[in-house]
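Visitor: I'm passing along run-v6.tsv; it holds TSV, C-alpha atoms.
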chain	number	residue	atom	x	y	z
A	18	MET	CA	28.20	-82.42	-5.74
A	19	ALA	CA	24.44	-82.87	-5.83
A	20	GLY	CA	22.66	-85.05	-8.33
A	21	GLU	CA	22.33	-88.72	-8.79
A	22	PRO	CA	25.34	-90.91	-8.17
A	23	HIS	CA	27.44	-92.22	-11.02
A	24	GLN	CA	25.21	-94.35	-13.24
A	25	SER	CA	27.05	-97.50	-14.29
A	26	ASP	CA	25.09	-97.71	-17.56
A	27	CYS	CA	25.56	-94.03	-18.51
A	28	LEU	CA	28.16	-93.30	-21.18
A	29	PHE	CA	28.79	-89.76	-19.92
A	30	CYS	CA	29.18	-90.92	-16.29
A	31	LYS	CA	31.79	-93.36	-17.60
A	32	ILE	CA	33.60	-90.47	-19.34
A	33	VAL	CA	33.54	-88.45	-16.09
A	34	ALA	CA	34.96	-91.47	-14.22
A	35	GLY	CA	37.69	-92.00	-16.83
A	36	GLU	CA	36.30	-95.41	-17.78
A	37	VAL	CA	35.61	-94.39	-21.40
A	38	PRO	CA	38.11	-92.28	-23.34
A	39	ALA	CA	37.13	-88.87	-24.67
A	40	THR	CA	39.00	-85.89	-26.11
A	41	ILE	CA	38.58	-83.54	-23.16
A	42	VAL	CA	39.06	-79.87	-24.01
A	43	ARG	CA	38.12	-78.29	-20.64
A	44	GLU	CA	37.39	-79.46	-17.15
A	45	SER	CA	36.20	-77.57	-14.10
A	46	GLU	CA	35.33	-78.71	-10.62
A	47	THR	CA	31.75	-79.41	-11.73
A	48	THR	CA	31.89	-79.93	-15.51
A	49	VAL	CA	33.72	-81.74	-18.31
A	50	ALA	CA	33.84	-80.61	-21.96
A	51	PHE	CA	34.84	-83.02	-24.73
A	52	ARG	CA	34.65	-83.31	-28.50
A	53	ASP	CA	31.57	-84.98	-29.99
A	54	ILE	CA	32.44	-88.26	-31.70
A	55	ASN	CA	30.02	-87.44	-34.54
A	56	PRO	CA	30.58	-83.69	-35.09
A	57	GLN	CA	27.88	-81.71	-36.86
A	58	ALA	CA	30.06	-78.59	-37.23
A	59	PRO	CA	33.80	-77.81	-37.28
A	60	THR	CA	33.44	-77.03	-33.57
A	61	HIS	CA	31.21	-79.53	-31.79
A	62	VAL	CA	31.97	-79.92	-28.10
A	63	LEU	CA	29.73	-81.37	-25.40
A	64	VAL	CA	29.69	-79.76	-21.96
A	65	ILE	CA	28.31	-81.97	-19.20
A	66	PRO	CA	27.87	-81.69	-15.46
A	67	LYS	CA	29.95	-84.24	-13.59
A	68	ALA	CA	26.84	-85.08	-11.54
A	69	HIS	CA	24.21	-87.17	-13.28
A	70	TYR	CA	20.94	-85.49	-14.24
A	71	PRO	CA	18.86	-87.14	-16.98
A	72	ASP	CA	18.23	-83.98	-19.01
A	73	ALA	CA	18.54	-80.19	-19.02
A	74	ALA	CA	15.14	-79.65	-17.40
A	75	ALA	CA	15.99	-81.92	-14.47
A	76	LEU	CA	19.39	-80.22	-14.11
A	77	ALA	CA	17.88	-76.71	-14.10
A	78	ALA	CA	15.14	-77.65	-11.63
A	79	ALA	CA	17.41	-79.45	-9.16
A	80	ALA	CA	20.67	-77.52	-9.47
A	81	PRO	CA	20.37	-74.12	-11.16
A	82	GLU	CA	23.89	-73.17	-10.08
A	83	LEU	CA	25.24	-76.26	-11.84
A	84	ALA	CA	23.20	-75.43	-14.95
A	85	ALA	CA	24.87	-72.01	-14.85
A	86	ASP	CA	28.28	-73.72	-14.61
A	87	VAL	CA	27.48	-75.71	-17.78
A	88	LEU	CA	26.48	-72.53	-19.63
A	89	ARG	CA	29.55	-70.63	-18.42
A	90	GLU	CA	31.83	-73.44	-19.54
A	91	ALA	CA	30.04	-73.56	-22.91
A	92	GLY	CA	30.96	-69.89	-23.36
A	93	GLN	CA	34.56	-70.65	-22.43
A	94	VAL	CA	34.66	-73.51	-24.93
A	95	ALA	CA	33.43	-71.12	-27.63
A	96	ALA	CA	36.19	-68.66	-26.72
A	97	ASP	CA	38.85	-71.40	-26.60
A	98	GLU	CA	37.69	-72.71	-29.98
A	99	LYS	CA	37.69	-69.14	-31.36
A	100	VAL	CA	34.06	-69.22	-32.50
A	101	ASP	CA	32.85	-66.64	-29.98
A	102	GLY	CA	33.49	-63.79	-32.43
A	103	THR	CA	31.74	-65.39	-35.42
A	104	GLY	CA	28.83	-66.93	-33.55
A	105	TYR	CA	28.02	-70.27	-32.00
A	106	ARG	CA	25.02	-72.21	-30.80
A	107	ILE	CA	24.41	-73.93	-27.46
A	108	VAL	CA	21.87	-76.74	-27.80
A	109	PHE	CA	20.26	-78.92	-25.13
A	110	ASN	CA	18.30	-81.78	-26.70
A	111	THR	CA	15.67	-82.88	-24.19
A	112	GLY	CA	13.70	-86.03	-24.93
A	113	THR	CA	13.76	-88.62	-27.65
A	114	GLY	CA	11.72	-86.49	-30.05
A	115	ALA	CA	14.37	-83.77	-29.85
A	116	GLY	CA	17.20	-86.18	-30.56
A	117	GLN	CA	18.48	-86.86	-27.03
A	118	THR	CA	20.26	-90.22	-27.10
A	119	VAL	CA	22.34	-90.10	-23.90
A	120	TRP	CA	20.27	-89.58	-20.75
A	121	HIS	CA	22.80	-87.35	-18.97
A	122	ALA	CA	22.26	-83.59	-19.32
A	123	HIS	CA	24.61	-82.08	-21.88
A	124	ALA	CA	25.04	-78.94	-23.92
A	125	HIS	CA	26.27	-79.07	-27.51
A	126	VAL	CA	28.51	-76.13	-28.43
A	127	LEU	CA	28.41	-75.77	-32.23
A	128	GLY	CA	30.29	-73.28	-34.37
A	129	GLY	CA	32.69	-72.74	-37.21
A	130	ARG	CA	30.05	-72.78	-39.96
A	131	GLY	CA	26.79	-71.05	-40.75
A	132	LEU	CA	24.02	-72.21	-38.44
A	133	ASN	CA	20.66	-71.67	-40.12
A	134	TRP	CA	17.44	-70.86	-38.33
A	135	PRO	CA	15.21	-72.58	-37.69
A	136	PRO	CA	17.31	-75.64	-36.88
A	137	GLY	CA	16.08	-79.02	-37.82
So, in terms of structure tokens, how does the structure I just supplied come out?

Guide:
Amino acid sequence: MAGEPHQSDCLFCKIVAGEVPATIVRESETTVAFRDINPQAPTHVLVIPKAHYPDAAALAAAAPELAADVLREAGQVAADEKVDGTGYRIVFNTGTGAGQTVWHAHAHVLGGRGLNWPPG
């Protein structure tokens, strides 16, 4: 798996390593999906690459196939959570100004309620 090695100070790397508990809902060879501890919708699951990339832009630039894995798994989460028929949102917050607080690329899968546009 490409990417930076496990970052000892990264919360999501610790979840991947099993050092921090999480409610895992899906796992593939390259990704882990788990429930957000502060859900913003009835369905709020994070999908992360197991390899460490600081944000979505770095992930897409360095490993587009892994970025595709994250998106594919996000779609599977939506199907598993039964929000694929009613609509769901996949969000990558990139940078502090956009609300990124954990510097490990991750997609939020949100659904189960109306999601207004524009977000914010």

Visitor: With distances taken over all atoms listed in the file, which residue among A:Ile54, A:Leu63, A:Val119, A:Ala84 lies nearest Ile107 (chain A)?

Guide: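 For Ile107 (chain A), the nearest of the candidates is A:Leu63.
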
Visitor: Expressed in Å to a single decimal, how great is the separation between CA of His23 (chain A) and CA of Ala68 (chain A)?

Guide: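 Distance reported for this atom pair: 7.2 Å.
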
Visitor: Which residues, protein or nucleic acid, reach to within 9 Å of (23.4, -79.4, -10.9) in the file's coordinates when using only C-alpha atoms, and can you give that as a list in words?

Guide: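 In the file's frame, the residues around the point are Met18, Ala19, Gly20, Thr47, Pro66, Lys67, Ala68, His69, Tyr70, Ala75, Leu76, Ala77, Ala78, Ala79, Ala80, Pro81, Glu82, Leu83, Ala84, Ala85, Asp86 and Val87 of chain A.
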
Visitor: Hey, can you spit out that residue selection with C-alpha atoms as a CSV table (one decimal), in the frame of the given file?

Guide:
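So out-v2.csv came out as:
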chain,number,residue,atom,x,y,z
A,18,MET,CA,28.2,-82.4,-5.7
A,19,ALA,CA,24.4,-82.9,-5.8
A,20,GLY,CA,22.7,-85.0,-8.3
A,47,THR,CA,31.8,-79.4,-11.7
A,66,PRO,CA,27.9,-81.7,-15.5
A,67,LYS,CA,30.0,-84.2,-13.6
A,68,ALA,CA,26.8,-85.1,-11.5
A,69,HIS,CA,24.2,-87.2,-13.3
A,70,TYR,CA,20.9,-85.5,-14.2
A,75,ALA,CA,16.0,-81.9,-14.5
A,76,LEU,CA,19.4,-80.2,-14.1
A,77,ALA,CA,17.9,-76.7,-14.1
A,78,ALA,CA,15.1,-77.6,-11.6
A,79,ALA,CA,17.4,-79.4,-9.2
A,80,ALA,CA,20.7,-77.5,-9.5
A,81,PRO,CA,20.4,-74.1,-11.2
A,82,GLU,CA,23.9,-73.2,-10.1
A,83,LEU,CA,25.2,-76.3,-11.8
A,84,ALA,CA,23.2,-75.4,-15.0
A,85,ALA,CA,24.9,-72.0,-14.8
A,86,ASP,CA,28.3,-73.7,-14.6
A,87,VAL,CA,27.5,-75.7,-17.8

Visitor: Just checking: using only C-alpha atoms, which residue out of A:Trp134, A:Phe51, A:Phe29, A:Trp120 ends up closest to Asp72 (chain A)?

Guide: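 Nearest to Asp72 (chain A): A:Trp120.
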
Visitor: If I take CA of His61 (chain A) and CA of Leu88 (chain A), how far is one from the other in Å, to one decimal?

Guide: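 CA of His61 (chain A) sits 14.8 Å away from CA of Leu88 (chain A).
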
Visitor: Nearest to Gly92 (chain A) among A:Gly104, A:Ile41, A:Gly131, A:Asn110, with distances taken over all atoms listed in the file: which residue is it?

Guide: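 Selected residue with least distance to Gly92 (chain A): A:Gly104.
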
Visitor: Restricting the calculation to all atoms listed in the file: of A:Cys30, A:Val42, A:Val49, A:Ala58, which residue gets closest to Ala96 (chain A)?

Guide: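 Distance minimum relative to Ala96 (chain A) lands on A:Val42.
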
Visitor: Given all atoms listed in the file as the basis, pick out the residue of A:Val126, A:Val33, A:Ala74, A:Leu28 nearest to Arg106 (chain A).

Guide: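 Ranked by minimum distance to Arg106 (chain A), first place goes to A:Val126.
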
Visitor: Just checking: using only C-alpha atoms, which residue out of A:Glu36, A:Thr60, A:Ala115, A:Pro71 ends up closest to Leu132 (chain A)?

Guide: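 With only C-alpha atoms as the atom set, the closest residue is A:Thr60.
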
Visitor: How far is it from CA of His123 (chain A) to CA of Val64 (chain A), in Å with one decimal?

Guide: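 Result for CA of His123 (chain A) versus CA of Val64 (chain A): 5.6 Å, one decimal.
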
Visitor: Please provide the set of residues having any atom within 8 Å of Tyr105 (chain A), restricted to all atoms listed in the file, with same-chain residues fewer than 5 positions apart removed, written as a PDB file with C-alpha atoms, in the coordinates of the input.

Guide:
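What landed in out05.pdb:
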ATOM      1  CA  ALA A  95      33.430 -71.120 -27.630  1.00  0.00           C
ATOM      2  CA  VAL A 100      34.060 -69.220 -32.500  1.00  0.00           C
ATOM      3  CA  VAL A 126      28.510 -76.130 -28.430  1.00  0.00           C
ATOM      4  CA  LEU A 127      28.410 -75.770 -32.230  1.00  0.00           C
ATOM      5  CA  GLY A 128      30.290 -73.280 -34.370  1.00  0.00           C
ATOM      6  CA  GLY A 129      32.690 -72.740 -37.210  1.00  0.00           C
ATOM      7  CA  LEU A 132      24.020 -72.210 -38.440  1.00  0.00           C
TER       8      LEU A 132
END

Visitor: Can you sort out region 100-111 of chain A so it carries all heavy atoms, written as a JSON list (two decimals), keeping the file's coordinate frame?

Guide:
[["chain", "number", "residue", "atom", "x", "y", "z"],
["A", 100, "VAL", "N", 35.31, -69.42, -31.76],
["A", 100, "VAL", "CA", 34.06, -69.22, -32.50],
["A", 100, "VAL", "C", 33.19, -68.17, -31.82],
["A", 100, "VAL", "O", 32.10, -67.86, -32.31],
["A", 100, "VAL", "CB", 33.28, -70.53, -32.72],
["A", 100, "VAL", "CG1", 34.06, -71.50, -33.59],
["A", 100, "VAL", "CG2", 32.89, -71.18, -31.39],
["A", 101, "ASP", "N", 33.65, -67.62, -30.71],
["A", 101, "ASP", "CA", 32.85, -66.64, -29.98],
["A", 101, "ASP", "C", 32.66, -65.36, -30.78],
["A", 101, "ASP", "O", 31.64, -64.70, -30.66],
["A", 101, "ASP", "CB", 33.44, -66.36, -28.60],
["A", 101, "ASP", "CG", 34.88, -65.89, -28.63],
["A", 101, "ASP", "OD1", 35.64, -66.26, -29.54],
["A", 101, "ASP", "OD2", 35.27, -65.14, -27.70],
["A", 102, "GLY", "N", 33.61, -65.00, -31.64],
["A", 102, "GLY", "CA", 33.49, -63.79, -32.43],
["A", 102, "GLY", "C", 32.62, -63.94, -33.67],
["A", 102, "GLY", "O", 32.02, -62.97, -34.14],
["A", 103, "THR", "N", 32.51, -65.16, -34.19],
["A", 103, "THR", "CA", 31.74, -65.39, -35.42],
["A", 103, "THR", "C", 30.35, -65.93, -35.14],
["A", 103, "THR", "O", 29.50, -65.95, -36.02],
["A", 103, "THR", "CB", 32.48, -66.37, -36.34],
["A", 103, "THR", "OG1", 32.74, -67.58, -35.63],
["A", 103, "THR", "CG2", 33.79, -65.77, -36.83],
["A", 104, "GLY", "N", 30.13, -66.40, -33.93],
["A", 104, "GLY", "CA", 28.83, -66.93, -33.55],
["A", 104, "GLY", "C", 28.88, -68.43, -33.31],
["A", 104, "GLY", "O", 29.61, -69.15, -33.97],
["A", 105, "TYR", "N", 28.09, -68.85, -32.35],
["A", 105, "TYR", "CA", 28.02, -70.27, -32.00],
["A", 105, "TYR", "C", 26.64, -70.54, -31.43],
["A", 105, "TYR", "O", 25.90, -69.62, -31.09],
["A", 105, "TYR", "CB", 29.12, -70.67, -31.02],
["A", 105, "TYR", "CG", 29.09, -69.95, -29.70],
["A", 105, "TYR", "CD1", 28.49, -70.53, -28.59],
["A", 105, "TYR", "CD2", 29.66, -68.69, -29.54],
["A", 105, "TYR", "CE1", 28.45, -69.87, -27.36],
["A", 105, "TYR", "CE2", 29.62, -68.02, -28.33],
["A", 105, "TYR", "CZ", 29.02, -68.63, -27.24],
["A", 105, "TYR", "OH", 28.99, -67.97, -26.03],
["A", 106, "ARG", "N", 26.32, -71.79, -31.33],
["A", 106, "ARG", "CA", 25.02, -72.21, -30.80],
["A", 106, "ARG", "C", 25.26, -73.16, -29.63],
["A", 106, "ARG", "O", 26.14, -74.00, -29.68],
["A", 106, "ARG", "CB", 24.23, -72.91, -31.90],
["A", 106, "ARG", "CG", 22.81, -73.27, -31.50],
["A", 106, "ARG", "CD", 22.00, -73.72, -32.70],
["A", 106, "ARG", "NE", 21.72, -72.56, -33.53],
["A", 106, "ARG", "CZ", 21.39, -72.64, -34.82],
["A", 106, "ARG", "NH1", 21.29, -73.80, -35.42],
["A", 106, "ARG", "NH2", 21.14, -71.54, -35.50],
["A", 107, "ILE", "N", 24.44, -72.99, -28.59],
["A", 107, "ILE", "CA", 24.41, -73.93, -27.46],
["A", 107, "ILE", "C", 23.07, -74.64, -27.53],
["A", 107, "ILE", "O", 22.02, -73.98, -27.52],
["A", 107, "ILE", "CB", 24.56, -73.21, -26.11],
["A", 107, "ILE", "CG1", 25.88, -72.44, -26.04],
["A", 107, "ILE", "CG2", 24.46, -74.22, -24.96],
["A", 107, "ILE", "CD1", 25.99, -71.53, -24.83],
["A", 108, "VAL", "N", 23.09, -75.96, -27.63],
["A", 108, "VAL", "CA", 21.87, -76.74, -27.80],
["A", 108, "VAL", "C", 21.77, -77.79, -26.69],
["A", 108, "VAL", "O", 22.72, -78.52, -26.44],
["A", 108, "VAL", "CB", 21.87, -77.47, -29.16],
["A", 108, "VAL", "CG1", 20.64, -78.35, -29.31],
["A", 108, "VAL", "CG2", 21.98, -76.49, -30.31],
["A", 109, "PHE", "N", 20.60, -77.84, -26.05],
["A", 109, "PHE", "CA", 20.26, -78.92, -25.13],
["A", 109, "PHE", "C", 19.12, -79.70, -25.77],
["A", 109, "PHE", "O", 18.01, -79.17, -25.90],
["A", 109, "PHE", "CB", 19.76, -78.37, -23.79],
["A", 109, "PHE", "CG", 20.80, -77.73, -22.92],
["A", 109, "PHE", "CD1", 21.05, -76.37, -23.02],
["A", 109, "PHE", "CD2", 21.50, -78.49, -21.99],
["A", 109, "PHE", "CE1", 21.98, -75.77, -22.21],
["A", 109, "PHE", "CE2", 22.44, -77.89, -21.17],
["A", 109, "PHE", "CZ", 22.69, -76.53, -21.28],
["A", 110, "ASN", "N", 19.37, -80.92, -26.20],
["A", 110, "ASN", "CA", 18.30, -81.78, -26.70],
["A", 110, "ASN", "C", 17.67, -82.45, -25.49],
["A", 110, "ASN", "O", 18.37, -83.09, -24.71],
["A", 110, "ASN", "CB", 18.85, -82.83, -27.67],
["A", 110, "ASN", "CG", 19.43, -82.21, -28.92],
["A", 110, "ASN", "OD1", 18.93, -81.20, -29.39],
["A", 110, "ASN", "ND2", 20.48, -82.81, -29.44],
["A", 111, "THR", "N", 16.35, -82.31, -25.35],
["A", 111, "THR", "CA", 15.67, -82.88, -24.19],
["A", 111, "THR", "C", 14.53, -83.76, -24.68],
["A", 111, "THR", "O", 13.56, -83.26, -25.24],
["A", 111, "THR", "CB", 15.16, -81.76, -23.26],
["A", 111, "THR", "OG1", 16.28, -80.97, -22.86],
["A", 111, "THR", "CG2", 14.49, -82.34, -22.03]]
